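A.B. asks: To be precise about what I am sending: the file is called query_34.cif and holds mmCIF, C-alpha atoms and all ligand atoms.
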```
data_protein
#
loop_
_atom_site.label_atom_id
_atom_site.label_comp_id
_atom_site.auth_asym_id
_atom_site.auth_seq_id
_atom_site.Cartn_x
_atom_site.Cartn_y
_atom_site.Cartn_z
CA MET A 1 117.21 59.78 53.36
CA LEU A 2 119.87 59.22 55.96
CA TYR A 3 122.01 62.20 56.74
CA ALA A 4 125.46 62.39 58.29
CA ARG A 5 125.92 65.74 59.96
CA ALA A 6 129.50 65.11 60.98
CA VAL A 7 130.73 65.22 57.40
CA ASN A 8 127.96 67.41 55.98
CA ARG A 9 127.20 64.85 53.31
CA SER A 10 123.84 63.26 52.75
CA ILE A 11 123.98 59.48 52.75
CA ARG A 12 121.59 57.27 50.84
CA LEU A 13 120.14 54.16 52.44
CA SER A 14 119.90 51.05 50.26
CA PRO A 15 118.16 48.20 52.07
CA SER A 16 119.42 44.85 50.79
CA LEU A 17 116.61 42.49 49.85
CA LEU A 18 118.91 39.54 50.50
CA SER A 19 117.91 39.87 54.14
CA ALA A 20 114.18 40.26 53.44
CA ASN A 21 111.77 37.33 53.69
CA ALA A 22 111.73 35.77 50.20
CA ALA A 23 108.21 34.47 50.79
CA THR A 24 106.92 38.03 51.26
CA LEU A 25 109.45 39.82 49.08
CA GLY A 26 107.11 42.34 47.46
CA ALA A 27 105.62 43.45 50.76
CA ASP A 28 109.06 43.62 52.41
CA ALA A 29 110.40 45.69 49.51
CA ALA A 30 107.49 48.14 49.72
CA ALA A 31 107.91 48.38 53.49
CA ALA A 32 111.62 49.09 53.10
CA LEU A 33 110.84 52.03 50.82
CA ALA A 34 108.09 53.28 53.12
CA ALA A 35 110.50 53.15 56.06
CA GLY A 36 112.92 55.52 54.33
CA GLY A 37 114.95 53.28 52.06
CA ASP A 38 116.10 55.28 49.04
CA ARG A 39 117.05 52.41 46.74
CA LEU A 40 116.43 48.69 46.89
CA HIS A 41 119.61 46.64 46.64
CA TYR A 42 119.07 43.38 44.75
CA ASP A 43 121.87 40.82 45.13
CA VAL A 44 122.21 38.41 42.23
CA MET A 45 124.45 35.39 42.95
CA ASP A 46 125.19 32.51 40.60
CA GLY A 47 126.98 29.92 42.73
CA ARG A 48 130.11 30.47 40.64
CA PHE A 49 131.44 33.97 41.17
CA VAL A 50 130.28 33.62 44.77
CA PRO A 51 129.37 30.41 46.61
CA ASN A 52 125.69 31.23 47.00
CA ILE A 53 122.63 31.42 44.72
CA THR A 54 119.84 33.98 45.04
CA PHE A 55 117.39 35.36 42.50
CA GLY A 56 117.49 36.55 38.91
CA MET A 57 115.60 38.56 36.28
CA PRO A 58 112.04 37.15 36.68
CA VAL A 59 111.88 38.01 40.37
CA LEU A 60 113.18 41.51 39.64
CA ALA A 61 110.51 41.94 36.95
CA HIS A 62 107.81 40.93 39.44
CA LEU A 63 109.17 43.42 41.95
CA ARG A 64 109.09 46.15 39.30
CA SER A 65 105.43 45.38 38.57
CA ALA A 66 104.52 45.23 42.23
CA LEU A 67 106.35 48.43 43.24
CA GLY A 68 105.54 50.57 40.22
CA PRO A 69 107.77 52.78 38.08
CA THR A 70 109.18 55.07 40.76
CA ALA A 71 110.95 52.47 42.93
CA TYR A 72 114.70 52.57 42.34
CA LEU A 73 116.04 49.05 41.82
CA ASP A 74 119.78 48.51 42.09
CA ALA A 75 121.05 45.15 40.83
CA HIS A 76 124.38 43.93 42.20
CA LEU A 77 125.53 41.19 39.84
CA MET A 78 127.81 38.72 41.62
CA ILE A 79 127.98 36.47 38.59
CA VAL A 80 130.55 35.36 36.04
CA GLU A 81 130.28 36.88 32.56
CA PRO A 82 127.84 39.56 33.75
CA GLU A 83 127.76 41.12 30.27
CA ARG A 84 125.60 38.17 29.16
CA TYR A 85 122.79 39.32 31.47
CA VAL A 86 123.02 43.13 31.52
CA GLU A 87 120.34 43.65 28.89
CA ALA A 88 117.96 41.18 30.57
CA PHE A 89 118.31 42.89 33.95
CA ALA A 90 117.74 46.30 32.38
CA LYS A 91 114.62 44.96 30.63
CA ALA A 92 113.41 43.43 33.90
CA GLY A 93 113.47 46.90 35.42
CA ALA A 94 116.86 47.55 37.01
CA ASN A 95 117.64 51.28 37.27
CA HIS A 96 121.24 50.68 38.28
CA ILE A 97 123.44 47.70 37.42
CA SER A 98 126.74 46.91 39.10
CA VAL A 99 129.19 44.36 37.72
CA HIS A 100 132.33 43.18 39.47
CA VAL A 101 135.68 44.34 38.15
CA GLU A 102 136.98 40.83 38.93
CA ALA A 103 134.32 39.29 36.66
CA SER A 104 134.69 41.67 33.70
CA PRO A 105 137.94 41.48 31.73
CA HIS A 106 136.51 43.92 29.16
CA LEU A 107 135.13 46.26 31.75
CA HIS A 108 135.01 49.33 29.52
CA ARG A 109 132.83 47.47 27.03
CA THR A 110 130.52 46.21 29.77
CA ILE A 111 130.13 49.74 31.11
CA GLN A 112 129.15 50.95 27.65
CA LEU A 113 126.64 48.12 27.39
CA ILE A 114 124.98 49.04 30.70
CA ARG A 115 124.72 52.67 29.55
CA ALA A 116 123.31 51.66 26.19
CA CYS A 117 120.60 49.75 28.06
CA GLY A 118 119.62 52.97 29.82
CA ALA A 119 120.71 51.99 33.34
CA HIS A 120 123.05 53.75 35.74
CA VAL A 121 126.44 52.09 35.95
CA GLY A 122 128.18 50.65 38.98
CA VAL A 123 131.41 48.71 39.28
CA ALA A 124 131.87 46.53 42.34
CA ILE A 125 135.24 45.73 43.85
CA ASN A 126 136.14 42.96 46.29
CA PRO A 127 138.09 43.61 49.49
CA ALA A 128 141.34 42.12 48.16
CA THR A 129 141.26 43.94 44.81
CA PRO A 130 143.33 47.14 44.59
CA LEU A 131 141.53 50.41 43.84
CA GLN A 132 143.91 51.03 40.95
CA SER A 133 141.96 48.51 38.90
CA LEU A 134 139.14 51.07 38.74
CA TYR A 135 140.98 54.29 38.08
CA GLU A 136 140.78 54.05 34.28
CA VAL A 137 136.98 53.85 34.33
CA LEU A 138 136.04 56.08 37.28
CA ASP A 139 135.03 58.96 35.04
CA SER A 140 132.64 56.81 33.03
CA ILE A 141 130.66 55.18 35.85
CA ASP A 142 128.12 56.46 38.36
CA THR A 143 129.05 54.35 41.35
CA VAL A 144 131.85 52.34 42.87
CA LEU A 145 130.30 49.54 44.91
CA MET A 146 133.01 48.85 47.45
CA MET A 147 132.60 45.46 49.10
CA THR A 148 133.35 45.69 52.79
CA VAL A 149 132.93 41.92 53.25
CA ASN A 150 133.74 39.09 50.85
CA PRO A 151 130.59 38.85 48.76
CA GLY A 152 128.22 35.91 48.98
CA PHE A 153 126.33 36.17 52.24
CA GLY A 154 124.53 38.65 54.43
CA GLY A 155 125.28 39.08 58.09
CA GLN A 156 129.08 39.07 57.88
CA GLN A 157 131.45 41.31 59.83
CA TYR A 158 132.74 44.54 58.29
CA ILE A 159 136.40 44.20 57.25
CA PRO A 160 138.23 46.96 59.18
CA GLN A 161 140.81 47.63 56.44
CA SER A 162 137.93 48.87 54.29
CA THR A 163 137.89 52.22 56.07
CA ALA A 164 141.30 53.25 54.75
CA LYS A 165 140.29 52.06 51.28
CA ILE A 166 137.15 54.23 51.35
CA ARG A 167 139.21 57.25 52.43
CA THR A 168 141.71 56.67 49.63
CA LEU A 169 138.96 56.43 47.02
CA ARG A 170 137.16 59.51 48.39
CA ALA A 171 140.40 61.49 48.19
CA TYR A 172 141.09 60.29 44.64
CA ILE A 173 137.58 61.16 43.44
CA ASP A 174 137.72 64.63 45.02
CA ALA A 175 141.27 65.35 43.83
CA ASN A 176 140.28 64.53 40.26
CA GLY A 177 137.05 66.50 40.35
CA LEU A 178 134.92 63.43 39.65
CA SER A 179 131.30 62.95 40.65
CA THR A 180 131.50 59.15 41.01
CA GLN A 181 129.63 58.00 44.08
CA ILE A 182 130.86 55.51 46.65
CA GLN A 183 128.50 52.79 47.82
CA VAL A 184 129.56 50.36 50.55
CA ASP A 185 128.16 46.88 50.99
CA GLY A 186 128.67 44.35 53.74
CA GLY A 187 128.63 44.53 57.51
CA ILE A 188 127.13 48.01 57.62
CA ALA A 189 125.28 48.14 60.92
CA LEU A 190 124.90 50.29 64.02
CA ASP A 191 128.55 49.83 64.95
CA THR A 192 130.01 50.67 61.53
CA ILE A 193 127.71 53.17 59.78
CA ALA A 194 129.24 56.28 61.33
CA THR A 195 132.75 55.11 60.43
CA VAL A 196 131.96 54.64 56.73
CA ALA A 197 130.03 57.91 56.66
CA ALA A 198 132.99 59.82 58.07
CA ALA A 199 135.29 58.08 55.56
CA GLY A 200 133.22 59.60 52.75
CA VAL A 201 130.61 57.24 51.36
CA ASP A 202 127.47 58.36 49.50
CA ASP A 203 125.36 55.22 49.84
CA VAL A 204 125.15 52.45 52.43
CA VAL A 205 123.75 49.02 51.64
CA VAL A 206 122.25 47.56 54.80
CA GLY A 207 120.86 44.04 54.91
CA SER A 208 120.75 42.18 58.19
CA ALA A 209 120.89 45.37 60.26
CA PHE A 210 117.83 46.71 58.42
CA PHE A 211 115.44 43.75 58.09
CA ARG A 212 115.03 43.16 61.81
CA ALA A 213 113.43 40.11 63.30
CA ASP A 214 110.58 42.20 64.71
CA GLY A 215 109.84 43.71 61.27
CA ASP A 216 109.90 47.28 62.56
CA LEU A 217 111.72 48.88 59.65
CA GLN A 218 110.99 52.46 60.76
CA ARG A 219 112.93 51.63 63.88
CA SER A 220 115.84 50.30 61.80
CA THR A 221 116.06 53.56 59.90
CA ALA A 222 115.81 55.63 63.08
CA ALA A 223 118.51 53.61 64.83
CA LEU A 224 120.91 53.93 61.89
CA GLN A 225 120.15 57.64 61.61
CA ALA A 226 120.84 58.10 65.32
CA ARG A 227 124.34 56.66 64.83
CA LEU A 228 124.99 59.16 62.05
CA ASP A 229 123.76 62.04 64.19
CA ALA A 230 125.73 61.06 67.29
C1 LIG A 301 126.78 40.33 50.22
C2 LIG A 301 125.78 41.23 49.54
C3 LIG A 301 125.23 42.28 50.42
C4 LIG A 301 124.48 41.76 51.62
C5 LIG A 301 124.86 42.64 52.76
O1 LIG A 301 127.48 39.61 49.29
O2 LIG A 301 126.38 41.88 48.43
O3 LIG A 301 124.44 43.20 49.70
O4 LIG A 301 123.09 41.77 51.47
O5 LIG A 301 124.32 42.12 53.92
P1 LIG A 301 124.69 42.70 55.35
O6 LIG A 301 124.27 44.13 55.41
O7 LIG A 301 123.92 41.82 56.29
O8 LIG A 301 126.18 42.55 55.52
ZN ZN A 302 125.23 43.52 47.48
#
```
Have the structure of the file written as structure tokens, please.
C.D. replies:
Amino acid sequence: MLYARAVNRSIRLSPSLLSANAATLGADAAAALAAGGDRLHYDVMDGRFVPNITFGMPVLAHLRSALGPTAYLDAHLMIVEPERYVEAFAKAGANHISVHVEASPHLHRTIQLIRACGAHVGVAINPATPLQSLYEVLDSIDTVLMMTVNPGFGGQQYIPQSTAKIRTLRAYIDANGLSTQIQVDGGIALDTIATVAAAGVDDVVVGSAFFRADGDLQRSTAALQARLDA
């Protein structure tokens, strides 16, 4: 587990499998956990909500079989009408399911559906969407997945305005005595991880800055940790 001393808050590391090698996905996923990844982030894209297409339920089910029951699988659904697929992702083995507020007009109902399927509940929010769109449901979800890039691709630059948005959400959660966690996703790398940690996040999704070209994932974790400790 990554730890940010500066803010005395432990930070979870969620390696994003989008940046793993799809041809060796199971091995890469196991290596990410062995290297200190707490949760595996699984990006589902449909070519409609976002302009890219990735993987779906069958691949997740294979990962579940390959990794065993203790691996924590976190599905980030970047798809239209996500409620149509919640049950299938839960059955495939997702421990945590995030849907986008922009894709779910009946968000409260979708949250209830995820809970009924036995998964932890996340709601994702795009950079241009105001935080107020989440306030009515914050007390009934586990995680806000704050996008710090426009979703669709790995390897993009962190959007600097995100830092103020994280601080605002952290303050709102604390002021209201909520236990909702803040996960950030997009452009989290050596140059941004300390900033988001200080702003008050609980979980960092790291894709391209984690799955390095040389495959040394222990070194990725150590380098990210060093930035938190600095
Ligand atoms: C982007 C995805 C992210 C992506 C992050 O739409 O939601 O999870 O994998 O990749 P990096 O860390 O490279 O920005
Ligand atoms: Zn994601």
A.B. asks: Return as CSV the residues of chain A lying at most 9 Å from ligand LIG 301 (chain A), together with the closest atom-to-atom pair for each and the distance in Å to one decimal, counting only C-alpha atoms and all ligand atoms, with rows in chain order and ascending residue number.
C.D. replies:
```
residue,atom,partner,partner_atom,distance
A:Pro15,CA,A:LIG301,O6,8.1
A:Ser16,CA,A:LIG301,O4,4.8
A:Leu17,CA,A:LIG301,O4,6.7
A:Leu18,CA,A:LIG301,O4,4.8
A:Ser19,CA,A:LIG301,O4,6.1
A:His41,CA,A:LIG301,O3,6.7
A:Tyr42,CA,A:LIG301,O3,7.3
A:Asp43,CA,A:LIG301,O2,5.7
A:Val44,CA,A:LIG301,O2,8.2
A:Met45,CA,A:LIG301,O1,8.2
A:Val50,CA,A:LIG301,O1,8.0
A:Asn52,CA,A:LIG301,O1,8.9
A:His76,CA,A:LIG301,O2,6.9
A:Leu77,CA,A:LIG301,O2,8.7
A:Met78,CA,A:LIG301,O2,7.6
A:Met147,CA,A:LIG301,O2,7.2
A:Thr148,CA,A:LIG301,O8,8.3
A:Val149,CA,A:LIG301,C1,7.0
A:Asn150,CA,A:LIG301,O1,6.5
A:Pro151,CA,A:LIG301,O1,3.2
A:Gly152,CA,A:LIG301,O1,3.8
A:Phe153,CA,A:LIG301,C1,4.6
A:Gly154,CA,A:LIG301,O5,3.5
A:Gly155,CA,A:LIG301,O7,3.5
A:Gln156,CA,A:LIG301,O8,5.1
A:Gln157,CA,A:LIG301,O8,6.9
A:Tyr158,CA,A:LIG301,O8,7.4
A:Val184,CA,A:LIG301,O3,8.8
A:Asp185,CA,A:LIG301,O3,5.4
A:Gly186,CA,A:LIG301,O8,3.6
A:Gly187,CA,A:LIG301,O8,3.7
A:Ile188,CA,A:LIG301,O6,5.3
A:Ala189,CA,A:LIG301,O6,6.9
A:Val204,CA,A:LIG301,O6,8.9
A:Val205,CA,A:LIG301,O3,6.2
A:Val206,CA,A:LIG301,O6,4.0
A:Gly207,CA,A:LIG301,O6,3.4
A:Ser208,CA,A:LIG301,O7,3.7
A:Ala209,CA,A:LIG301,O6,6.0
A:Phe210,CA,A:LIG301,O6,7.6
A:Phe211,CA,A:LIG301,O7,8.9
```
A.B. asks: Please list as a list in words every residue within 12 Å of Ser179 in chain A, counting only C-alpha atoms and excluding residues in the same chain fewer than 6 positions away.
C.D. replies: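 These residues fall inside the cut-off: Leu138, Asp139, Ser140, Ile141, Asp142, Thr143, Val144, Leu169, Arg170, Ala171, Tyr172, Ile173 and Asp202 of chain A.
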A.B. asks: Rank A:Ala22, A:Asp203, A:Ser10, A:Val59 by their smallest atom-to-atom distance to ligand ZN 302 (chain A), using only C-alpha atoms and all ligand atoms, and report the top residue only.
C.D. replies: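 Closest candidate: A:Asp203.
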A.B. asks: Please report the interatomic distance between CA of Ala29 in chain A and CA of Ser220 in chain A in Å with one decimal.
C.D. replies: 14.2 Å
A.B. asks: Determine, counting all atoms listed in the file, which protein, DNA and RNA residues have an atom within 12 Å of an atom of Ala164 in chain A; residues of the same chain fewer than 4 positions away are not included. Present the result as a list in words.
C.D. replies: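 With the cut-off at 12 Å, the set is Pro127, Leu131, Met146, Thr148, Ile159, Pro160, Thr168, Leu169, Arg170, Ala171, Thr195, Val196, Ala198, Ala199, Gly200 and Val201 of chain A.
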A.B. asks: Of the candidates A:Ala71, A:Ala222, A:Ala34, A:Val99, which shows the shortest atom-to-atom distance to ligand ZN 302 (chain A), using all atoms listed in the file?
C.D. replies: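 Between A:Ala71, A:Ala222, A:Ala34, A:Val99, the residue approaching ligand ZN 302 (chain A) most closely is A:Val99.
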A.B. asks: Enter the distance from CA of Ile79 in chain A to CA of Arg48 in chain A, in Å, rounded to one decimal.
C.D. replies: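 These atoms are spaced 6.7 Å apart.
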A.B. asks: Could you work out how far CA of Tyr135 in chain A lies from CA of Asp174 in chain A, giving the answer in Å with one decimal?
C.D. replies: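 Straight-line distance from CA of Asp174 in chain A to CA of Tyr135 in chain A works out to 12.9 Å.
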A.B. asks: Please determine the residues with any atom at most 10 Å from (138.9, 43.5, 36.3) (coordinates as given in the file, with all atoms listed in the file counting) and report them as an MDAnalysis selection string.
C.D. replies: chainID A and resid 99:108 123:125 129 133:134
A.B. asks: Taking only C-alpha atoms into account, which of A:Thr163, A:Ser14, A:Thr192, A:Asn126 comes nearest Tyr72 in chain A?
C.D. replies: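 Looking only at the distances to Tyr72 in chain A, the closest residue turns out to be A:Ser14.
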A.B. asks: Can you tell me which residues surround Ala35 in chain A at a distance of at most 9 Å, considering only C-alpha atoms, apart from same-chain residues fewer than 5 positions away, and format the answer as a PDB file with C-alpha atoms, in the coordinates of the input?
C.D. replies:
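So the final result, stored in around-v2.pdb, reads:
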```
ATOM      1  CA  ALA A  30     107.490  48.140  49.720  1.00  0.00           C
ATOM      2  CA  ASP A 216     109.900  47.280  62.560  1.00  0.00           C
ATOM      3  CA  LEU A 217     111.720  48.880  59.650  1.00  0.00           C
ATOM      4  CA  GLN A 218     110.990  52.460  60.760  1.00  0.00           C
ATOM      5  CA  ARG A 219     112.930  51.630  63.880  1.00  0.00           C
ATOM      6  CA  SER A 220     115.840  50.300  61.800  1.00  0.00           C
ATOM      7  CA  THR A 221     116.060  53.560  59.900  1.00  0.00           C
TER       8      THR A 221
END
```
A.B. asks: So which one's closest to ligand ZN 302 (chain A), A:Ala32, A:Gly68, A:Asn21, A:Ile97? Using only C-alpha atoms and all ligand atoms, please.
C.D. replies: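 For ligand ZN 302 (chain A), the nearest of the given residues is A:Ile97.
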A.B. asks: List as a PyMOL selection string: which residues have an atom within 7 Å of (115.4, 54.3, 50.1), counting only C-alpha atoms?
C.D. replies: chain A and resi 1+12-15+33+36-40
A.B. asks: Would you save the residues of that selection, restricted to C-alpha atoms, as a compact mmCIF listing (two decimals), in the coordinates of the input?
C.D. replies:
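Once written, again-v1.txt looks like this:
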```
# COMPACT_ATOMS: atom_id res chain seq x y z
CA MET A 1 117.21 59.78 53.36
CA ARG A 12 121.59 57.27 50.84
CA LEU A 13 120.14 54.16 52.44
CA SER A 14 119.90 51.05 50.26
CA PRO A 15 118.16 48.20 52.07
CA LEU A 33 110.84 52.03 50.82
CA GLY A 36 112.92 55.52 54.33
CA GLY A 37 114.95 53.28 52.06
CA ASP A 38 116.10 55.28 49.04
CA ARG A 39 117.05 52.41 46.74
CA LEU A 40 116.43 48.69 46.89
```
A.B. asks: Can you sort out the box for range 163-172 of chain A, edges along x, y and z, all listed atoms in, 8 Å on every side, with centre and edge lengths in Å to one decimal, as AutoDock Vina command-line options?
C.D. replies:
```
--center_x 139.4 --center_y 56.8 --center_z 50.4 --size_x 20.6 --size_y 25.4 --size_z 27.4
```
A.B. asks: Measuring atom to atom with all atoms listed in the file, identify which of A:Leu178, A:Leu145, A:Val121, A:Val80 is nearest to ligand ZN 302 (chain A).
C.D. replies: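 The closest residue to ligand ZN 302 (chain A) is A:Leu145.
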